[in-house]
file upload-v4.cif (mmCIF, C-alpha atoms)
data_start
loop_
_atom_site.label_atom_id
_atom_site.label_comp_id
_atom_site.auth_asym_id
_atom_site.auth_seq_id
_atom_site.Cartn_x
_atom_site.Cartn_y
_atom_site.Cartn_z
CA MET L 1 113.69 53.84 106.43
CA LYS L 2 115.15 56.92 108.06
CA ASP L 3 112.97 59.09 105.81
CA GLU L 4 109.86 57.21 106.93
CA THR L 5 110.76 57.54 110.61
CA GLN L 6 111.47 61.20 110.11
CA LYS L 7 108.16 61.69 108.31
CA LEU L 8 106.20 59.87 111.02
CA SER L 9 107.84 61.80 113.78
CA ARG L 10 107.15 65.11 112.06
CA ARG L 11 103.60 64.06 111.27
CA ASN L 12 102.98 63.09 114.89
CA PHE L 13 104.27 66.45 116.00
CA LEU L 14 102.02 68.35 113.58
CA LEU L 15 99.03 66.31 114.64
CA ALA L 16 99.78 66.79 118.32
CA VAL L 17 99.96 70.57 118.10
CA GLY L 18 96.80 70.82 116.04
CA ALA L 19 98.44 71.82 112.78
CA GLY L 20 97.76 68.58 110.94
CA GLY L 21 94.96 66.18 110.23
CA ALA L 22 91.95 66.24 107.96
CA ALA L 23 89.70 68.00 110.45
CA SER L 24 92.21 70.78 110.93
CA ALA L 25 92.74 71.17 107.20
CA ALA L 26 89.02 71.26 106.52
CA ALA L 27 88.33 73.78 109.25
CA VAL L 28 91.09 76.11 108.10
CA ALA L 29 89.88 75.71 104.56
CA THR L 30 86.54 77.27 105.40
CA ALA L 31 88.52 80.45 105.86
CA ALA L 32 91.45 79.78 103.59
CA THR L 33 89.39 79.19 100.47
CA GLN L 34 88.60 82.87 100.75
CA ALA L 35 92.29 83.45 100.21
CA VAL L 36 92.82 81.57 97.00
CA PRO L 37 91.18 84.01 94.57
CA GLN L 38 93.14 86.90 96.06
CA ALA L 39 96.71 85.79 95.78
CA ALA L 40 99.49 87.66 97.43
CA PRO L 41 101.85 89.68 95.28
CA VAL L 42 104.49 87.22 94.21
CA VAL L 43 103.28 83.96 92.93
CA GLU L 44 102.22 84.39 89.37
CA ALA L 45 104.05 81.27 88.30
CA ALA L 46 102.75 79.34 91.27
CA ARG L 47 99.16 80.05 90.44
CA ARG L 48 99.65 79.18 86.79
CA GLU L 49 101.23 75.87 87.74
CA ALA L 50 98.47 75.16 90.21
CA ALA L 51 95.84 75.75 87.56
CA GLU L 52 97.67 73.56 85.05
CA GLN L 53 97.91 70.73 87.53
CA GLY L 54 94.32 71.03 88.60
CA VAL L 55 95.36 71.74 92.14
CA SER L 56 92.64 74.24 92.83
CA ALA L 57 89.89 72.00 91.53
CA HIS L 58 91.29 69.06 93.44
CA MET L 59 91.52 71.04 96.65
CA ARG L 60 88.01 72.40 96.29
CA SER L 61 86.70 68.89 95.72
CA TYR L 62 88.61 67.56 98.72
CA TYR L 63 87.28 70.19 101.05
CA ARG L 64 83.73 69.79 99.84
CA THR L 65 83.86 66.19 100.97
CA ALA L 66 86.01 66.71 104.07
CA ARG L 67 84.26 69.75 105.50
CA VAL L 68 82.88 69.14 108.95
CA MET B 1 93.32 46.05 72.42
CA THR B 2 93.09 49.45 73.94
CA ALA B 3 95.78 52.06 73.75
CA ALA B 4 97.59 52.97 76.90
CA ILE B 5 96.40 56.22 78.37
CA PRO B 6 99.21 58.37 79.69
CA ILE B 7 98.58 59.43 83.24
CA GLN B 8 100.13 62.62 84.44
CA SER B 9 101.34 62.17 87.95
CA GLN B 10 100.01 64.60 90.50
CA PRO B 11 101.45 65.25 93.90
CA SER B 12 99.60 63.54 96.70
CA TRP B 13 99.10 65.62 99.81
CA SER B 14 98.97 64.35 103.35
CA ASP B 15 96.39 65.84 105.68
CA GLU B 16 99.06 67.81 107.50
CA ASP B 17 100.39 69.26 104.25
CA ARG B 18 96.87 70.29 103.27
CA ALA B 19 96.46 71.94 106.66
CA ARG B 20 99.82 73.68 106.33
CA ALA B 21 99.01 74.95 102.85
CA GLU B 22 95.66 76.28 104.03
CA HIS B 23 97.25 78.05 106.99
CA TYR B 24 99.74 79.72 104.67
CA ALA B 25 96.94 80.73 102.29
CA LEU B 26 94.90 82.15 105.12
CA LEU B 27 97.78 84.16 106.57
CA ALA B 28 98.61 85.51 103.12
CA ARG B 29 95.03 86.63 102.65
CA LEU B 30 94.73 88.19 106.10
CA LEU B 31 97.93 90.18 105.83
CA HIS B 32 97.55 91.25 102.21
CA ALA B 33 94.18 92.99 102.30
CA ALA B 34 91.36 93.89 104.63
CA PRO B 35 88.87 91.07 105.24
CA ASP B 36 85.41 90.86 103.74
CA ALA B 37 82.29 89.67 105.50
CA ALA B 38 82.63 86.11 104.23
CA LEU B 39 86.16 85.83 105.56
CA LEU B 40 85.17 87.15 108.99
CA GLY B 41 82.32 84.64 109.13
CA ALA B 42 84.58 81.79 108.08
CA LEU B 43 87.17 82.78 110.68
CA ALA B 44 84.55 82.75 113.42
CA GLN B 45 83.44 79.29 112.30
CA SER B 46 86.98 77.96 112.06
CA GLY B 47 87.79 79.43 115.47
CA ARG B 48 84.99 77.43 117.03
CA LEU B 49 86.26 74.23 115.41
CA LEU B 50 89.98 74.69 115.98
CA GLY B 51 90.05 76.82 119.09
CA GLY B 52 91.03 75.41 122.47
CA GLU B 53 93.16 76.02 125.52
CA ASP B 54 95.72 73.30 125.04
CA GLY B 55 98.56 74.72 122.95
CA ALA B 56 99.49 77.96 121.27
CA LEU B 57 97.79 77.24 117.95
CA PRO B 58 94.38 76.30 119.40
CA GLN B 59 94.61 79.32 121.70
CA ALA B 60 95.42 81.59 118.77
CA TRP B 61 92.53 80.14 116.79
CA ALA B 62 90.11 80.62 119.67
CA ALA B 63 91.17 84.25 120.08
CA LEU B 64 91.04 85.03 116.36
CA GLY B 65 87.68 83.33 115.95
CA ALA B 66 86.23 85.30 118.86
CA ALA B 67 87.72 88.52 117.51
CA ALA B 68 86.26 87.85 114.06
CA ALA B 69 82.86 87.15 115.57
CA GLY B 70 82.96 90.31 117.64
CA ILE B 71 84.18 92.89 115.13
CA SER B 72 82.20 94.65 112.45
CA LEU B 73 83.40 94.55 108.87
CA GLN B 74 83.92 98.30 108.89
CA ALA B 75 85.96 98.17 112.08
CA ALA B 76 88.15 95.39 110.69
CA CYS B 77 88.76 97.33 107.49
CA ASP B 78 89.52 100.50 109.44
CA GLU B 79 92.00 98.59 111.59
CA PHE B 80 93.73 97.17 108.53
CA ASP B 81 94.02 100.64 106.98
CA ALA B 82 95.27 102.19 110.21
CA LEU B 83 97.96 99.56 110.66
CA PHE B 84 99.19 98.86 107.15
CA ILE B 85 98.25 101.76 104.89
CA SER B 86 100.10 105.07 104.92
CA VAL B 87 101.62 107.52 102.48
CA GLY B 88 104.64 107.55 104.79
CA LYS B 89 105.71 104.81 107.19
CA PRO B 90 102.78 102.62 108.21
CA ALA B 91 102.25 101.69 111.85
CA VAL B 92 103.20 98.10 111.08
CA ILE B 93 105.54 97.12 108.27
CA SER B 94 105.08 93.65 106.79
CA ASN B 95 108.37 93.36 104.91
CA GLY B 96 111.26 91.20 105.97
CA SER B 97 113.94 93.62 104.85
CA TRP B 98 112.69 96.16 107.41
CA TYR B 99 113.02 93.77 110.33
CA LEU B 100 116.38 92.42 109.20
CA THR B 101 118.14 95.67 108.30
CA GLY B 102 115.99 98.56 109.52
CA PHE B 103 115.35 99.63 105.93
CA LEU B 104 113.09 98.59 103.09
CA GLN B 105 114.41 97.03 99.90
CA GLU B 106 117.80 96.10 101.29
CA GLU B 107 120.08 93.15 100.67
CA PRO B 108 117.67 90.50 102.03
CA LEU B 109 115.24 91.44 99.27
CA ALA B 110 117.93 90.95 96.64
CA GLU B 111 118.76 87.55 98.07
CA LEU B 112 115.09 86.64 98.13
CA ARG B 113 114.66 87.63 94.49
CA ALA B 114 117.57 85.40 93.54
CA ASP B 115 116.03 82.46 95.39
CA LEU B 116 112.62 83.09 93.82
CA ALA B 117 114.20 83.16 90.38
CA GLU B 118 115.69 79.75 91.06
CA LEU B 119 112.23 78.51 92.00
CA GLY B 120 110.76 79.99 88.82
CA LEU B 121 108.74 82.58 90.70
CA GLY B 122 108.55 86.33 90.37
CA ARG B 123 106.48 89.34 91.23
CA ARG B 124 103.29 89.74 89.28
CA THR B 125 103.22 92.67 86.87
CA GLY B 126 101.60 95.77 88.32
CA VAL B 127 101.93 94.72 91.95
CA THR B 128 103.43 97.37 94.20
CA GLU B 129 104.36 95.28 97.23
CA THR B 130 107.82 93.81 97.17
CA GLU B 131 108.47 90.09 97.37
CA ASP B 132 109.54 90.20 101.01
CA HIS B 133 106.01 91.10 102.14
CA ILE B 134 104.83 88.41 104.56
CA ALA B 135 101.78 87.68 102.40
CA ALA B 136 104.00 87.01 99.41
CA LEU B 137 106.30 84.76 101.41
CA ALA B 138 103.35 82.81 102.78
CA GLU B 139 102.06 82.35 99.23
CA VAL B 140 105.44 81.04 98.17
CA MET B 141 105.40 78.53 101.03
CA ARG B 142 101.91 77.45 100.06
CA HIS B 143 103.10 76.95 96.52
CA LEU B 144 106.09 74.89 97.67
CA VAL B 145 103.91 72.71 99.91
CA LEU B 146 101.39 72.04 97.16
CA THR B 147 103.70 71.51 94.23
CA ALA B 148 106.33 69.33 95.88
CA PRO B 149 105.20 67.55 99.05
CA ASP B 150 107.93 64.91 98.69
CA ALA B 151 111.17 64.69 100.69
CA ALA B 152 113.15 66.87 98.29
CA GLY B 153 110.35 69.41 98.26
CA LEU B 154 110.28 69.44 102.05
CA GLN B 155 113.95 70.34 102.07
CA ARG B 156 113.24 73.20 99.64
CA GLN B 157 110.45 74.38 101.94
CA ARG B 158 112.78 74.21 104.91
CA ALA B 159 115.52 76.14 103.15
CA PHE B 160 113.16 78.89 101.99
CA PHE B 161 111.46 79.15 105.37
CA GLU B 162 114.69 79.30 107.35
CA ARG B 163 116.26 81.86 105.03
CA HIS B 164 113.38 84.22 104.40
CA ILE B 165 110.72 83.83 107.10
CA ALA B 166 112.20 82.39 110.30
CA PRO B 167 114.57 85.29 111.04
CA TRP B 168 111.83 87.89 111.40
CA TYR B 169 108.24 86.61 111.60
CA ALA B 170 108.22 86.87 115.41
CA HIS B 171 109.17 90.56 115.15
CA LEU B 172 106.16 91.18 112.90
CA ALA B 173 103.89 89.33 115.32
CA GLN B 174 105.27 91.43 118.17
CA ALA B 175 104.76 94.63 116.20
CA LEU B 176 101.14 93.64 115.63
CA ALA B 177 100.67 92.81 119.31
CA GLN B 178 102.07 96.18 120.39
CA ALA B 179 100.59 98.44 117.71
CA PRO B 180 98.25 101.04 119.18
CA GLY B 181 94.66 100.25 118.23
CA ALA B 182 95.42 96.73 117.09
CA ASP B 183 92.93 94.16 118.32
CA PHE B 184 91.81 91.91 115.47
CA TYR B 185 95.24 92.09 113.84
CA ALA B 186 96.97 91.42 117.14
CA LYS B 187 95.10 88.10 117.05
CA VAL B 188 96.18 87.59 113.44
CA GLY B 189 99.74 88.17 114.61
CA ALA B 190 99.31 85.59 117.34
CA LEU B 191 98.10 83.04 114.80
CA LEU B 192 101.02 83.90 112.55
CA ARG B 193 103.46 83.34 115.38
CA ALA B 194 101.85 80.14 116.65
CA PHE B 195 101.76 78.58 113.18
CA MET B 196 105.25 79.69 112.17
CA ASP B 197 106.65 78.46 115.50
CA ILE B 198 105.22 75.04 114.67
CA GLU B 199 106.67 75.18 111.19
CA ARG B 200 110.09 76.07 112.56
CA GLU B 201 110.02 73.28 115.10
CA ALA B 202 108.83 70.77 112.52
CA PHE B 203 111.60 71.78 110.13
CA ASP B 204 114.10 71.51 112.97
CA MET B 205 113.00 67.89 113.37
CA LEU B 206 114.15 67.24 109.82
CA GLU B 207 117.46 68.82 110.61
CA ALA B 208 117.88 66.88 113.84
CA SER B 209 117.28 63.50 112.26
CA ALA B 210 119.23 64.19 109.05
#
call {"tool": "encode", "arguments": {"input": "upload-v4.cif", "output": "structure tokens"}}
result
Amino acid sequence: MKDETQKLSRRNFLLAVGAGGAASAAAVATAATQAVPQAAPVVEAARREAAEQGVSAHMRSYYRTARV
Amino acid sequence: MTAAIPIQSQPSWSDEDRARAEHYALLARLLHAAPDAALLGALAQSGRLLGGEDGALPQAWAALGAAAAGISLQAACDEFDALFISVGKPAVISNGSWYLTGFLQEEPLAELRADLAELGLGRRTGVTETEDHIAALAEVMRHLVLTAPDAAGLQRQRAFFERHIAPWYAHLAQALAQAPGADFYAKVGALLRAFMDIEREAFDMLEASA
């Protein structure tokens, strides 16, 4: 119960300041998808895991449908 | 009778986690290499959608979008090179160790490497930047957001952020704001600061209600 309250409160905050929500995510993604092929120095393991889990494909699919 | 098909569980992302991950990805890209034309165009478009006057993040988006729309690709690349590329000390250093100790590759980098090892992450072979580069840290945060958006994962995000990003990101943003000749990247610094401020406050909310 406390976790849910905490999550809602945090979510409300992120939405209120403009850092949450589908529209925000989709708008940032128009720029951020440029970033994905050019990963920063560290995350070799991260990118491998993302590929294995289909994260990239899922995200691309999501933003294709959510883009405003 | 049909055989049961094993389903591999995948994390499910809330809209705000998607937005957070994309902000981290964008900041990593912007601070790791000079932009290309597609990125400048996308920034201008995103600035129109997300920009506004009410709040630091919409203001930062409006300014960055306008800057991206008003700068040529060559000028943006020249600004990146002038700020971040040097055979000696660049005008702006993007590594945490510098802001925390006054030197590169100091103890904070060693501590970061130990934490990355625990997370199963490490520097890619052939990469020259060290792991405390802001682009690398943003990529790590993006990875943490995407791979474990649950409560335990959020605590890991909070711990990594508070240990390796929170102590110095504002100093980098200030350095970008004050660097001679910085215009586009001053706006990037403002977006970095606005977004990271939100992250810090949101993580503090976890702490406060724990």
call {"tool": "resolve_selection", "arguments": {"input": "upload-v4.cif", "expression": "the PyMOL selection byres ((chain B) within 8 of (chain L))", "output": "ChimeraX atom specification"}}
result
/B:10,15-20,22-23,25-26,28-30,32,38-39,42-43,45-46,49-50,55,57-58,120-124,127-131,135-137,139-140,143,146-147,151,195,198,202,205-206,209
call {"tool": "residues_around", "arguments": {"input": "upload-v4.cif", "residues": "segment 74-90 of chain B", "least_positions_apart": "2", "cutoff": "10 Å", "atoms": "all atoms listed in the file", "output": "ChimeraX atom specification"}}
result
/B:30-37,40,67-68,71-72,92-94,176,179-185
call {"tool": "atom_distance", "arguments": {"input": "upload-v4.cif", "atom1": "atom CA of Trp98 of chain B", "atom2": "atom CA of Ala190 of chain B"}}
result
19.7 Å
call {"tool": "atom_distance", "arguments": {"input": "upload-v4.cif", "atom1": "atom CA of Ala148 of chain B", "atom2": "atom CA of Ser14 of chain B"}}
result
11.6 Å
call {"tool": "closest_residue", "arguments": {"input": "upload-v4.cif", "among": "B:Asp132, B:Gln59, B:Glu118, B:Pro167", "to": "Glu106 of chain B", "atoms": "only C-alpha atoms"}}
result
B:Asp132
call {"tool": "residues_near_point", "arguments": {"input": "upload-v4.cif", "point": "(110.0, 81.0, 104.0)", "cutoff": "12 Å", "atoms": "all atoms listed in the file", "output": "PyMOL selection string"}}
result
chain B and resi 24+96+112+115-116+131-145+154-169+196+199-200+203
call {"tool": "atom_distance", "arguments": {"input": "upload-v4.cif", "atom1": "atom CA of Gly41 of chain B", "atom2": "atom CA of Leu64 of chain B"}}
result
11.3 Å
call {"tool": "decode", "arguments": {"input": "upload-v4.cif", "residues": "segment 42-193 of chain B", "atoms": "C-alpha atoms", "output": "compact mmCIF listing (two decimals), in the first residue's frame"}}
result
# COMPACT_ATOMS: atom_id res chain seq x y z
CA ALA B 42 14.41 16.37 -34.01
CA LEU B 43 15.44 18.69 -31.17
CA ALA B 44 13.72 21.62 -32.84
CA GLN B 45 10.57 19.54 -33.23
CA SER B 46 10.68 18.26 -29.66
CA GLY B 47 11.29 21.78 -28.39
CA ARG B 48 8.09 22.97 -30.01
CA LEU B 49 6.14 20.12 -28.41
CA LEU B 50 7.67 20.18 -24.94
CA GLY B 51 8.70 23.80 -24.61
CA GLY B 52 6.83 26.23 -22.40
CA GLU B 53 7.23 28.90 -19.77
CA ASP B 54 5.82 27.05 -16.80
CA GLY B 55 8.67 25.18 -15.13
CA ALA B 56 12.38 24.64 -15.61
CA LEU B 57 12.10 21.62 -17.88
CA PRO B 58 9.65 23.18 -20.39
CA GLN B 59 11.77 26.34 -20.37
CA ALA B 60 14.92 24.32 -21.03
CA TRP B 61 13.19 22.46 -23.85
CA ALA B 62 11.96 25.68 -25.42
CA ALA B 63 15.46 27.18 -25.32
CA LEU B 64 17.16 24.07 -26.66
CA GLY B 65 14.60 23.64 -29.42
CA ALA B 66 15.03 27.26 -30.49
CA ALA B 67 18.81 26.92 -30.36
CA ALA B 68 18.69 23.76 -32.46
CA ALA B 69 16.45 25.46 -35.01
CA GLY B 70 18.72 28.48 -35.20
CA ILE B 71 22.16 26.90 -35.46
CA SER B 72 23.82 25.39 -38.50
CA LEU B 73 25.16 21.87 -38.34
CA GLN B 74 28.69 23.14 -38.87
CA ALA B 75 28.37 25.69 -36.08
CA ALA B 76 27.04 23.06 -33.68
CA CYS B 77 29.90 20.71 -34.52
CA ASP B 78 32.44 23.51 -34.14
CA GLU B 79 30.98 24.40 -30.75
CA PHE B 80 31.19 20.78 -29.60
CA ASP B 81 34.83 20.56 -30.70
CA ALA B 82 35.72 23.88 -29.08
CA LEU B 83 34.18 22.90 -25.76
CA PHE B 84 34.98 19.23 -25.40
CA ILE B 85 37.90 18.34 -27.67
CA SER B 86 41.48 19.25 -26.85
CA VAL B 87 44.90 17.63 -26.77
CA GLY B 88 45.31 19.26 -23.37
CA LYS B 89 42.55 20.31 -20.98
CA PRO B 90 39.28 20.95 -22.81
CA ALA B 91 37.23 24.05 -22.06
CA VAL B 92 34.57 21.89 -20.42
CA ILE B 93 35.31 18.57 -18.76
CA SER B 94 32.47 16.05 -18.64
CA ASN B 95 33.89 13.66 -16.04
CA GLY B 96 32.66 13.38 -12.50
CA SER B 97 36.08 12.79 -10.98
CA TRP B 98 37.18 16.25 -12.13
CA TYR B 99 34.32 18.02 -10.38
CA LEU B 100 34.60 15.95 -7.23
CA THR B 101 38.38 15.99 -6.72
CA GLY B 102 39.86 18.50 -9.16
CA PHE B 103 41.62 15.70 -11.01
CA LEU B 104 40.72 13.09 -13.60
CA GLN B 105 40.70 9.38 -12.82
CA GLU B 106 40.65 9.76 -9.07
CA GLU B 107 38.98 7.75 -6.33
CA PRO B 108 35.39 8.45 -7.46
CA LEU B 109 36.17 6.66 -10.71
CA ALA B 110 37.43 3.62 -8.82
CA GLU B 111 34.26 3.58 -6.73
CA LEU B 112 32.16 3.91 -9.86
CA ARG B 113 33.94 1.00 -11.52
CA ALA B 114 33.23 -1.16 -8.49
CA ASP B 115 29.54 -0.26 -8.61
CA LEU B 116 29.37 -0.90 -12.36
CA ALA B 117 30.97 -4.31 -11.85
CA GLU B 118 28.24 -5.15 -9.36
CA LEU B 119 25.67 -4.16 -11.97
CA GLY B 120 27.39 -6.30 -14.59
CA LEU B 121 28.46 -3.32 -16.65
CA GLY B 122 31.84 -2.24 -17.93
CA ARG B 123 33.56 -0.03 -20.42
CA ARG B 124 33.37 -1.14 -24.00
CA THR B 125 36.66 -2.29 -25.52
CA GLY B 126 38.44 0.42 -27.47
CA VAL B 127 36.59 3.32 -25.88
CA THR B 128 38.83 6.09 -24.61
CA GLU B 129 36.41 7.96 -22.35
CA THR B 130 36.32 6.81 -18.77
CA GLU B 131 33.17 5.55 -17.12
CA ASP B 132 32.59 8.76 -15.17
CA HIS B 133 31.85 10.70 -18.36
CA ILE B 134 28.35 12.16 -18.06
CA ALA B 135 27.25 10.42 -21.26
CA ALA B 136 28.28 7.06 -19.85
CA LEU B 137 26.49 7.71 -16.57
CA ALA B 138 23.34 8.76 -18.40
CA GLU B 139 23.50 5.55 -20.43
CA VAL B 140 23.80 3.54 -17.24
CA MET B 141 20.73 5.27 -15.82
CA ARG B 142 18.83 4.58 -19.02
CA HIS B 143 19.81 0.94 -18.74
CA LEU B 144 18.68 0.77 -15.12
CA VAL B 145 15.34 2.40 -15.92
CA LEU B 146 14.65 0.05 -18.82
CA THR B 147 15.81 -3.21 -17.34
CA ALA B 148 14.31 -2.91 -13.87
CA PRO B 149 11.42 -0.45 -13.57
CA ASP B 150 10.11 -2.18 -10.43
CA ALA B 151 10.46 -0.96 -6.84
CA ALA B 152 13.78 -2.71 -6.25
CA GLY B 153 15.09 -1.36 -9.54
CA LEU B 154 14.01 2.14 -8.58
CA GLN B 155 16.07 1.87 -5.43
CA ARG B 156 19.08 0.79 -7.51
CA GLN B 157 18.51 3.79 -9.78
CA ARG B 158 18.31 6.06 -6.78
CA ALA B 159 21.50 4.69 -5.25
CA PHE B 160 23.47 5.00 -8.49
CA PHE B 161 22.14 8.48 -9.21
CA GLU B 162 22.83 9.82 -5.73
CA ARG B 163 26.32 8.35 -5.60
CA HIS B 164 27.61 9.09 -9.07
CA ILE B 165 25.57 11.87 -10.69
CA ALA B 166 23.88 14.04 -8.07
CA PRO B 167 27.08 15.38 -6.46
CA TRP B 168 28.35 17.09 -9.60
CA TYR B 169 25.90 17.41 -12.51
CA ALA B 170 25.04 21.01 -11.56
CA HIS B 171 28.73 21.93 -11.76
CA LEU B 172 28.89 20.59 -15.31
CA ALA B 173 25.76 22.53 -16.25
CA GLN B 174 27.30 25.66 -14.76
CA ALA B 175 30.55 25.09 -16.64
CA LEU B 176 28.56 24.81 -19.88
CA ALA B 177 26.61 27.97 -19.08
CA GLN B 178 29.80 29.94 -18.41
CA ALA B 179 32.06 28.53 -21.12
CA PRO B 180 33.16 31.21 -23.58
CA GLY B 181 31.48 30.64 -26.94
CA ALA B 182 28.93 28.21 -25.59
CA ASP B 183 25.42 28.83 -26.86
CA PHE B 184 23.83 25.59 -28.06
CA TYR B 185 25.65 23.59 -25.39
CA ALA B 186 24.70 26.10 -22.70
CA LYS B 187 21.12 25.13 -23.56
CA VAL B 188 22.07 21.46 -23.41
CA GLY B 189 23.49 22.15 -19.96
CA ALA B 190 20.26 23.80 -18.91
CA LEU B 191 18.28 20.76 -20.03
CA LEU B 192 20.71 18.51 -18.18
CA ARG B 193 20.25 20.51 -15.01
